[in-house]
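Below is protein19.cif, holding mmCIF, C-alpha atoms; chains and numbers go by the auth columns.
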data_coords
#
loop_
_atom_site.group_PDB
_atom_site.id
_atom_site.type_symbol
_atom_site.label_atom_id
_atom_site.label_comp_id
_atom_site.label_asym_id
_atom_site.label_seq_id
_atom_site.Cartn_x
_atom_site.Cartn_y
_atom_site.Cartn_z
_atom_site.B_iso_or_equiv
_atom_site.auth_seq_id
_atom_site.auth_asym_id
ATOM 1 C CA MET A 1 66.071 92.935 96.180 0.00 1 A
ATOM 2 C CA THR A 2 68.880 92.904 98.765 0.00 2 A
ATOM 3 C CA ALA A 3 70.772 95.989 99.928 0.00 3 A
ATOM 4 C CA HIS A 4 73.606 95.250 97.506 0.00 4 A
ATOM 5 C CA GLU A 5 71.589 94.425 94.385 0.00 5 A
ATOM 6 C CA LEU A 6 71.553 97.062 91.676 0.00 6 A
ATOM 7 C CA THR A 7 68.830 98.602 89.607 0.00 7 A
ATOM 8 C CA SER A 8 69.300 100.453 86.335 0.00 8 A
ATOM 9 C CA SER A 9 69.015 103.744 88.214 0.00 9 A
ATOM 10 C CA ASP A 10 72.260 102.986 90.065 0.00 10 A
ATOM 11 C CA PHE A 11 73.985 103.684 86.771 0.00 11 A
ATOM 12 C CA THR A 12 71.665 105.986 84.890 0.00 12 A
ATOM 13 C CA ASP A 13 71.157 108.444 87.756 0.00 13 A
ATOM 14 C CA ALA A 14 74.892 108.961 88.355 0.00 14 A
ATOM 15 C CA ASN A 15 76.275 112.082 86.656 0.00 15 A
ATOM 16 C CA GLU A 16 79.832 111.787 87.993 0.00 16 A
ATOM 17 C CA PRO A 17 81.845 108.785 89.181 0.00 17 A
ATOM 18 C CA PHE A 18 83.136 109.741 92.624 0.00 18 A
ATOM 19 C CA SER A 19 79.841 109.590 94.507 0.00 19 A
ATOM 20 C CA LEU A 20 78.985 106.299 92.794 0.00 20 A
ATOM 21 C CA PHE A 21 82.387 104.912 93.755 0.00 21 A
ATOM 22 C CA GLY A 22 81.799 106.015 97.343 0.00 22 A
ATOM 23 C CA THR A 23 78.514 104.099 97.425 0.00 23 A
ATOM 24 C CA TRP A 24 80.106 100.968 95.991 0.00 24 A
ATOM 25 C CA LEU A 25 83.049 101.173 98.403 0.00 25 A
ATOM 26 C CA LYS A 26 80.664 101.478 101.343 0.00 26 A
ATOM 27 C CA ASP A 27 78.831 98.372 100.130 0.00 27 A
ATOM 28 C CA ALA A 28 82.177 96.556 99.850 0.00 28 A
ATOM 29 C CA GLU A 29 83.143 97.561 103.387 0.00 29 A
ATOM 30 C CA GLU A 30 79.989 95.807 104.574 0.00 30 A
ATOM 31 C CA SER A 31 80.322 92.646 102.481 0.00 31 A
ATOM 32 C CA GLU A 32 83.998 91.939 101.778 0.00 32 A
ATOM 33 C CA VAL A 33 85.653 89.617 104.294 0.00 33 A
ATOM 34 C CA ASN A 34 89.153 91.054 103.841 0.00 34 A
ATOM 35 C CA ASP A 35 90.496 94.418 102.697 0.00 35 A
ATOM 36 C CA PRO A 36 87.691 96.077 100.724 0.00 36 A
ATOM 37 C CA THR A 37 90.218 98.789 99.825 0.00 37 A
ATOM 38 C CA ALA A 38 92.608 96.292 98.189 0.00 38 A
ATOM 39 C CA VAL A 39 93.215 97.254 94.565 0.00 39 A
ATOM 40 C CA ALA A 40 95.409 96.039 91.722 0.00 40 A
ATOM 41 C CA LEU A 41 97.823 98.769 90.632 0.00 41 A
ATOM 42 C CA ALA A 42 99.403 98.716 87.165 0.00 42 A
ATOM 43 C CA THR A 43 102.538 100.635 86.156 0.00 43 A
ATOM 44 C CA VAL A 44 105.070 100.256 83.345 0.00 44 A
ATOM 45 C CA ASP A 45 108.835 99.793 83.426 0.00 45 A
ATOM 46 C CA PRO A 46 111.302 101.727 81.209 0.00 46 A
ATOM 47 C CA ASP A 47 110.707 99.222 78.388 0.00 47 A
ATOM 48 C CA GLY A 48 106.943 99.701 78.537 0.00 48 A
ATOM 49 C CA LEU A 49 106.382 96.257 80.082 0.00 49 A
ATOM 50 C CA PRO A 50 103.489 96.374 82.582 0.00 50 A
ATOM 51 C CA ASN A 51 103.853 95.507 86.257 0.00 51 A
ATOM 52 C CA LEU A 52 100.895 94.662 88.492 0.00 52 A
ATOM 53 C CA ARG A 53 100.548 94.303 92.256 0.00 53 A
ATOM 54 C CA MET A 54 98.004 94.774 95.031 0.00 54 A
ATOM 55 C CA VAL A 55 98.038 97.911 97.178 0.00 55 A
ATOM 56 C CA LEU A 56 95.572 99.481 99.600 0.00 56 A
ATOM 57 C CA LEU A 57 93.567 102.570 98.712 0.00 57 A
ATOM 58 C CA LYS A 58 94.128 105.142 101.462 0.00 58 A
ATOM 59 C CA GLY A 59 91.835 107.904 100.298 0.00 59 A
ATOM 60 C CA PHE A 60 89.800 109.289 97.447 0.00 60 A
ATOM 61 C CA ASP A 61 87.944 112.460 96.572 0.00 61 A
ATOM 62 C CA GLU A 62 87.280 114.555 93.476 0.00 62 A
ATOM 63 C CA ARG A 63 91.041 114.988 93.052 0.00 63 A
ATOM 64 C CA GLY A 64 91.684 111.264 92.658 0.00 64 A
ATOM 65 C CA PHE A 65 92.704 107.991 94.325 0.00 65 A
ATOM 66 C CA VAL A 66 95.600 107.880 96.813 0.00 66 A
ATOM 67 C CA PHE A 67 97.988 105.140 97.929 0.00 67 A
ATOM 68 C CA TYR A 68 101.331 105.280 99.746 0.00 68 A
ATOM 69 C CA THR A 69 104.649 103.578 99.099 0.00 69 A
ATOM 70 C CA ASN A 70 108.420 103.735 99.253 0.00 70 A
ATOM 71 C CA PHE A 71 109.457 105.857 96.270 0.00 71 A
ATOM 72 C CA GLU A 72 112.566 103.688 95.901 0.00 72 A
ATOM 73 C CA SER A 73 110.405 100.570 95.395 0.00 73 A
ATOM 74 C CA GLN A 74 109.754 99.173 91.936 0.00 74 A
ATOM 75 C CA LYS A 75 106.353 100.829 91.651 0.00 75 A
ATOM 76 C CA GLY A 76 107.695 104.073 93.075 0.00 76 A
ATOM 77 C CA ARG A 77 110.543 104.247 90.583 0.00 77 A
ATOM 78 C CA GLU A 78 108.281 103.306 87.685 0.00 78 A
ATOM 79 C CA ILE A 79 105.686 105.948 88.503 0.00 79 A
ATOM 80 C CA LEU A 80 108.320 108.647 88.992 0.00 80 A
ATOM 81 C CA ALA A 81 109.733 107.760 85.558 0.00 81 A
ATOM 82 C CA THR A 82 106.337 107.413 83.854 0.00 82 A
ATOM 83 C CA PRO A 83 103.671 109.207 85.932 0.00 83 A
ATOM 84 C CA LYS A 84 100.690 107.259 84.637 0.00 84 A
ATOM 85 C CA ALA A 85 98.925 104.303 86.251 0.00 85 A
ATOM 86 C CA ALA A 86 95.770 102.199 86.362 0.00 86 A
ATOM 87 C CA MET A 87 93.785 100.556 89.149 0.00 87 A
ATOM 88 C CA CYS A 88 91.240 97.740 89.268 0.00 88 A
ATOM 89 C CA PHE A 89 88.996 96.982 92.255 0.00 89 A
ATOM 90 C CA HIS A 90 87.242 93.604 92.298 0.00 90 A
ATOM 91 C CA TRP A 91 84.670 92.964 94.998 0.00 91 A
ATOM 92 C CA LYS A 92 83.827 89.298 94.559 0.00 92 A
ATOM 93 C CA SER A 93 81.093 89.290 97.208 0.00 93 A
ATOM 94 C CA LEU A 94 79.223 91.970 95.244 0.00 94 A
ATOM 95 C CA ARG A 95 80.139 90.725 91.768 0.00 95 A
ATOM 96 C CA ARG A 96 81.324 94.233 90.948 0.00 96 A
ATOM 97 C CA GLN A 97 84.456 95.767 89.499 0.00 97 A
ATOM 98 C CA VAL A 98 85.764 99.311 89.105 0.00 98 A
ATOM 99 C CA ARG A 99 88.741 100.164 86.949 0.00 99 A
ATOM 100 C CA LEU A 100 90.346 103.539 86.382 0.00 100 A
ATOM 101 C CA ARG A 101 93.421 105.109 84.832 0.00 101 A
ATOM 102 C CA GLY A 102 95.080 108.464 84.492 0.00 102 A
ATOM 103 C CA PRO A 103 98.137 110.605 85.212 0.00 103 A
ATOM 104 C CA VAL A 104 99.736 110.466 88.651 0.00 104 A
ATOM 105 C CA GLU A 105 100.851 113.230 91.008 0.00 105 A
ATOM 106 C CA ILE A 106 102.688 113.162 94.339 0.00 106 A
ATOM 107 C CA VAL A 107 100.586 114.119 97.362 0.00 107 A
ATOM 108 C CA SER A 108 101.683 117.095 99.429 0.00 108 A
ATOM 109 C CA ASP A 109 104.149 116.660 102.288 0.00 109 A
ATOM 110 C CA GLU A 110 101.372 117.710 104.655 0.00 110 A
ATOM 111 C CA GLU A 111 99.082 114.930 103.409 0.00 111 A
ATOM 112 C CA ALA A 112 101.855 112.344 103.622 0.00 112 A
ATOM 113 C CA ASP A 113 102.887 113.434 107.131 0.00 113 A
ATOM 114 C CA GLU A 114 99.306 113.342 108.360 0.00 114 A
ATOM 115 C CA TYR A 115 98.720 109.844 107.008 0.00 115 A
ATOM 116 C CA PHE A 116 102.087 108.531 108.232 0.00 116 A
ATOM 117 C CA LYS A 117 101.165 109.509 111.797 0.00 117 A
ATOM 118 C CA THR A 118 98.063 107.286 111.626 0.00 118 A
ATOM 119 C CA ARG A 119 100.033 104.137 110.777 0.00 119 A
ATOM 120 C CA PRO A 120 100.758 101.599 113.545 0.00 120 A
ATOM 121 C CA ARG A 121 104.145 102.186 115.132 0.00 121 A
ATOM 122 C CA GLY A 122 105.471 98.920 113.720 0.00 122 A
ATOM 123 C CA SER A 123 104.487 99.963 110.204 0.00 123 A
ATOM 124 C CA ARG A 124 106.285 103.294 110.618 0.00 124 A
ATOM 125 C CA ILE A 125 109.404 101.410 111.761 0.00 125 A
ATOM 126 C CA GLY A 126 109.000 99.127 108.756 0.00 126 A
ATOM 127 C CA ALA A 127 109.040 102.084 106.378 0.00 127 A
ATOM 128 C CA TRP A 128 112.569 102.831 107.623 0.00 128 A
ATOM 129 C CA ALA A 129 113.772 99.231 107.911 0.00 129 A
ATOM 130 C CA SER A 130 112.685 97.835 104.542 0.00 130 A
ATOM 131 C CA LYS A 131 114.595 98.581 101.338 0.00 131 A
ATOM 132 C CA GLN A 132 111.460 97.743 99.418 0.00 132 A
ATOM 133 C CA SER A 133 111.755 95.745 96.166 0.00 133 A
ATOM 134 C CA ARG A 134 115.516 95.256 96.531 0.00 134 A
ATOM 135 C CA PRO A 135 117.287 91.923 97.131 0.00 135 A
ATOM 136 C CA LEU A 136 117.279 90.701 100.756 0.00 136 A
ATOM 137 C CA GLU A 137 120.093 88.370 101.795 0.00 137 A
ATOM 138 C CA SER A 138 118.118 86.775 104.652 0.00 138 A
ATOM 139 C CA ARG A 139 115.119 87.225 106.906 0.00 139 A
ATOM 140 C CA PHE A 140 117.553 87.847 109.739 0.00 140 A
ATOM 141 C CA ALA A 141 118.908 90.918 107.924 0.00 141 A
ATOM 142 C CA LEU A 142 115.402 92.405 107.810 0.00 142 A
ATOM 143 C CA GLU A 143 114.745 91.618 111.467 0.00 143 A
ATOM 144 C CA LYS A 144 118.095 93.168 112.392 0.00 144 A
ATOM 145 C CA SER A 145 117.179 96.348 110.516 0.00 145 A
ATOM 146 C CA VAL A 146 113.809 96.478 112.284 0.00 146 A
ATOM 147 C CA ALA A 147 115.545 96.098 115.652 0.00 147 A
ATOM 148 C CA GLU A 148 118.010 98.875 114.843 0.00 148 A
ATOM 149 C CA TYR A 149 115.311 101.360 113.896 0.00 149 A
ATOM 150 C CA THR A 150 113.125 100.299 116.820 0.00 150 A
ATOM 151 C CA ALA A 151 116.023 101.215 119.129 0.00 151 A
ATOM 152 C CA ARG A 152 116.719 104.465 117.253 0.00 152 A
ATOM 153 C CA TYR A 153 113.105 105.613 117.589 0.00 153 A
ATOM 154 C CA ALA A 154 112.382 104.074 120.985 0.00 154 A
ATOM 155 C CA ILE A 155 111.229 107.438 122.348 0.00 155 A
ATOM 156 C CA GLY A 156 109.129 110.102 120.713 0.00 156 A
ATOM 157 C CA GLU A 157 107.629 110.401 117.278 0.00 157 A
ATOM 158 C CA ILE A 158 108.885 108.460 114.281 0.00 158 A
ATOM 159 C CA PRO A 159 109.498 110.851 111.367 0.00 159 A
ATOM 160 C CA ARG A 160 108.365 110.036 107.853 0.00 160 A
ATOM 161 C CA PRO A 161 111.261 108.999 105.603 0.00 161 A
ATOM 162 C CA GLN A 162 111.797 111.438 102.747 0.00 162 A
ATOM 163 C CA TYR A 163 111.630 108.541 100.291 0.00 163 A
ATOM 164 C CA TRP A 164 108.195 107.458 101.561 0.00 164 A
ATOM 165 C CA SER A 165 105.083 109.315 100.439 0.00 165 A
ATOM 166 C CA GLY A 166 101.879 109.039 98.467 0.00 166 A
ATOM 167 C CA PHE A 167 100.722 109.046 94.875 0.00 167 A
ATOM 168 C CA ARG A 168 97.374 110.263 93.598 0.00 168 A
ATOM 169 C CA ILE A 169 95.939 108.874 90.368 0.00 169 A
ATOM 170 C CA ARG A 170 93.883 111.625 88.719 0.00 170 A
ATOM 171 C CA PRO A 171 91.553 109.542 86.567 0.00 171 A
ATOM 172 C CA ILE A 172 90.530 110.402 83.045 0.00 172 A
ATOM 173 C CA SER A 173 88.379 107.259 82.830 0.00 173 A
ATOM 174 C CA ILE A 174 86.496 105.232 85.448 0.00 174 A
ATOM 175 C CA GLU A 175 84.469 102.176 84.502 0.00 175 A
ATOM 176 C CA PHE A 176 81.856 100.503 86.713 0.00 176 A
ATOM 177 C CA TRP A 177 81.118 96.845 85.961 0.00 177 A
ATOM 178 C CA HIS A 178 78.392 94.663 87.437 0.00 178 A
ATOM 179 C CA ASP A 179 77.924 90.968 86.757 0.00 179 A
ATOM 180 C CA ARG A 180 74.674 90.004 85.044 0.00 180 A
ATOM 181 C CA PRO A 181 73.297 86.621 83.875 0.00 181 A
ATOM 182 C CA PHE A 182 74.604 85.033 80.671 0.00 182 A
ATOM 183 C CA ARG A 183 77.615 87.378 80.698 0.00 183 A
ATOM 184 C CA LEU A 184 75.393 90.290 79.642 0.00 184 A
ATOM 185 C CA HIS A 185 77.080 92.510 82.207 0.00 185 A
ATOM 186 C CA ASP A 186 76.347 96.151 82.961 0.00 186 A
ATOM 187 C CA ARG A 187 79.230 98.496 82.104 0.00 187 A
ATOM 188 C CA ILE A 188 79.209 102.261 82.503 0.00 188 A
ATOM 189 C CA GLU A 189 82.297 104.327 81.736 0.00 189 A
ATOM 190 C CA PHE A 190 82.912 107.932 82.744 0.00 190 A
ATOM 191 C CA ARG A 191 85.454 109.692 80.494 0.00 191 A
ATOM 192 C CA ARG A 192 87.120 113.090 80.298 0.00 192 A
ATOM 193 C CA ALA A 193 89.943 114.520 78.240 0.00 193 A
ATOM 194 C CA ALA A 194 91.942 115.829 81.218 0.00 194 A
ATOM 195 C CA PRO A 195 91.814 115.560 85.041 0.00 195 A
ATOM 196 C CA GLU A 196 90.276 119.035 85.304 0.00 196 A
ATOM 197 C CA GLY A 197 87.557 118.392 82.728 0.00 197 A
ATOM 198 C CA GLY A 198 83.914 117.421 82.925 0.00 198 A
ATOM 199 C CA TRP A 199 82.703 113.854 82.633 0.00 199 A
ATOM 200 C CA THR A 200 80.956 112.115 79.764 0.00 200 A
ATOM 201 C CA LYS A 201 79.067 108.936 80.614 0.00 201 A
ATOM 202 C CA VAL A 202 78.875 106.038 78.159 0.00 202 A
ATOM 203 C CA ARG A 203 77.149 102.672 78.469 0.00 203 A
ATOM 204 C CA MET A 204 79.347 99.931 77.039 0.00 204 A
ATOM 205 C CA TYR A 205 78.557 96.573 75.484 0.00 205 A
ATOM 206 C CA PRO A 206 79.540 93.737 77.848 0.00 206 A
#

The structure given in the file should be rewritten as C-alpha cells.
Amino acid sequence: MTAHELTSSDFTDANEPFSLFGTWLKDAEESEVNDPTAVALATVDPDGLPNLRMVLLKGFDERGFVFYTNFESQKGREILATPKAAMCFHWKSLRRQVRLRGPVEIVSDEEADEYFKTRPRGSRIGAWASKQSRPLESRFALEKSVAEYTARYAIGEIPRPQYWSGFRIRPISIEFWHDRPFRLHDRIEFRRAAPEGGWTKVRMYP
C-alpha cells in the first residue's frame, strides 16, 4: 500500500471532518502538480440560477473554509445577497473528492488585513486595479489602471481595499469520496443541523 492509498480505517476512525480534511489536503500538497488548494465554488444569482468557478482555499479550521475576493465581483455580490455556498475539491492524482456546503460569513477585518499583507505586491495592486467581473473595454485599460495604482502606492504599504475581503463557509455537511474499482466508491458524509452543532457520520451508497 502506498502512502496515499486508503484503508477502511481512514473513514471509520474519523469522528469529525476537519482533521480528516487536513490529512487529505496534506496528501494533495504532496501529489498534485498544480494548486492543491484549488476548489470549485458554487453560488446562486438572484433568480436562483447557480454559478460555478474555481477559487483558492486560503485557510480552514473548525470554524470553516476561507477564500478571498472582491465583494463587488459576481461571486461577492451573490454571496452577500444569498449567504450560502458550496465547494468541491477534486484531487485527480489521489482519485479523491471532498464537497461541502453551508452558510457563509465575512471574515474579520483583522483576518483580511493579515492575509492581504501576505499577498505579492503585484496581487495587492491588482486588487485595486481590477473591477472584477465587470466589462473591460481593452487589455490596455487594465494595464493603465495597474500602472496608475503602482505609481500611487510606489512607496510604503498598500492598504486593503474596503471592497476586498474574505468569506468563510461554515459547513453543515462535508462528504469525502474515494474512487474504488467498478464504481463502488467509498463515500462518507458528516452532517449537522447548524454550524455550531455536533457531527453525525453516515456511510453512503456510491

Produce a table with one row for each residue of stretch 116-171 of chain A that has an atom at most 9 Å from any atom of stretch 96-101 of chain A, each row naming the nearest atom pair and its distance in Å at one decimal; use all atoms listed in the file; arrange rows by chain and rising residue number; format as CSV.
residue,atom,partner,partner_atom,distance
A:Ile169,CA,A:Arg101,CA,7.2
A:Arg170,CA,A:Arg101,CA,7.6
A:Pro171,CA,A:Arg101,CA,5.1

Please write as a list in words the full residue list that the PyMOL selection byres ((chain A and resi 154-160) around 9) yields on this file.
-> Ala112, Asp113, Phe116, Lys117, Arg121, Arg124, Ile125, Ala127, Trp128, Tyr149, Thr150, Ala151, Arg152, Tyr153, Pro161, Gln162, Tyr163, Trp164 and Ser165 of chain A

Please return, as a CSV table (one decimal) with C-alpha atoms, keeping the file's coordinate frame, all polymer residues that have at least one atom within 12 Å of the point (91.3, 106.3, 96.3); use all atoms listed in the file and the file's own coordinate frame.
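And here is the file that came out, result_9.csv:
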chain,number,residue,atom,x,y,z
A,18,PHE,CA,83.1,109.7,92.6
A,21,PHE,CA,82.4,104.9,93.8
A,22,GLY,CA,81.8,106.0,97.3
A,25,LEU,CA,83.0,101.2,98.4
A,36,PRO,CA,87.7,96.1,100.7
A,37,THR,CA,90.2,98.8,99.8
A,38,ALA,CA,92.6,96.3,98.2
A,39,VAL,CA,93.2,97.3,94.6
A,40,ALA,CA,95.4,96.0,91.7
A,41,LEU,CA,97.8,98.8,90.6
A,55,VAL,CA,98.0,97.9,97.2
A,56,LEU,CA,95.6,99.5,99.6
A,57,LEU,CA,93.6,102.6,98.7
A,58,LYS,CA,94.1,105.1,101.5
A,59,GLY,CA,91.8,107.9,100.3
A,60,PHE,CA,89.8,109.3,97.4
A,61,ASP,CA,87.9,112.5,96.6
A,62,GLU,CA,87.3,114.6,93.5
A,63,ARG,CA,91.0,115.0,93.1
A,64,GLY,CA,91.7,111.3,92.7
A,65,PHE,CA,92.7,108.0,94.3
A,66,VAL,CA,95.6,107.9,96.8
A,67,PHE,CA,98.0,105.1,97.9
A,68,TYR,CA,101.3,105.3,99.7
A,86,ALA,CA,95.8,102.2,86.4
A,87,MET,CA,93.8,100.6,89.1
A,88,CYS,CA,91.2,97.7,89.3
A,89,PHE,CA,89.0,97.0,92.3
A,98,VAL,CA,85.8,99.3,89.1
A,99,ARG,CA,88.7,100.2,86.9
A,100,LEU,CA,90.3,103.5,86.4
A,101,ARG,CA,93.4,105.1,84.8
A,166,GLY,CA,101.9,109.0,98.5
A,167,PHE,CA,100.7,109.0,94.9
A,168,ARG,CA,97.4,110.3,93.6
A,169,ILE,CA,95.9,108.9,90.4
A,170,ARG,CA,93.9,111.6,88.7
A,171,PRO,CA,91.6,109.5,86.6
A,174,ILE,CA,86.5,105.2,85.4

How many Å separate atom CA of A:Glu189 from atom CA of A:Val107?
->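 Spanning atom CA of A:Glu189 to atom CA of A:Val107 is a straight-line distance of 26.0 Å.
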
How many Å lie between atom CA of A:Phe176 and atom CA of A:Glu30, rounded to one decimal?
-> 18.6 Å
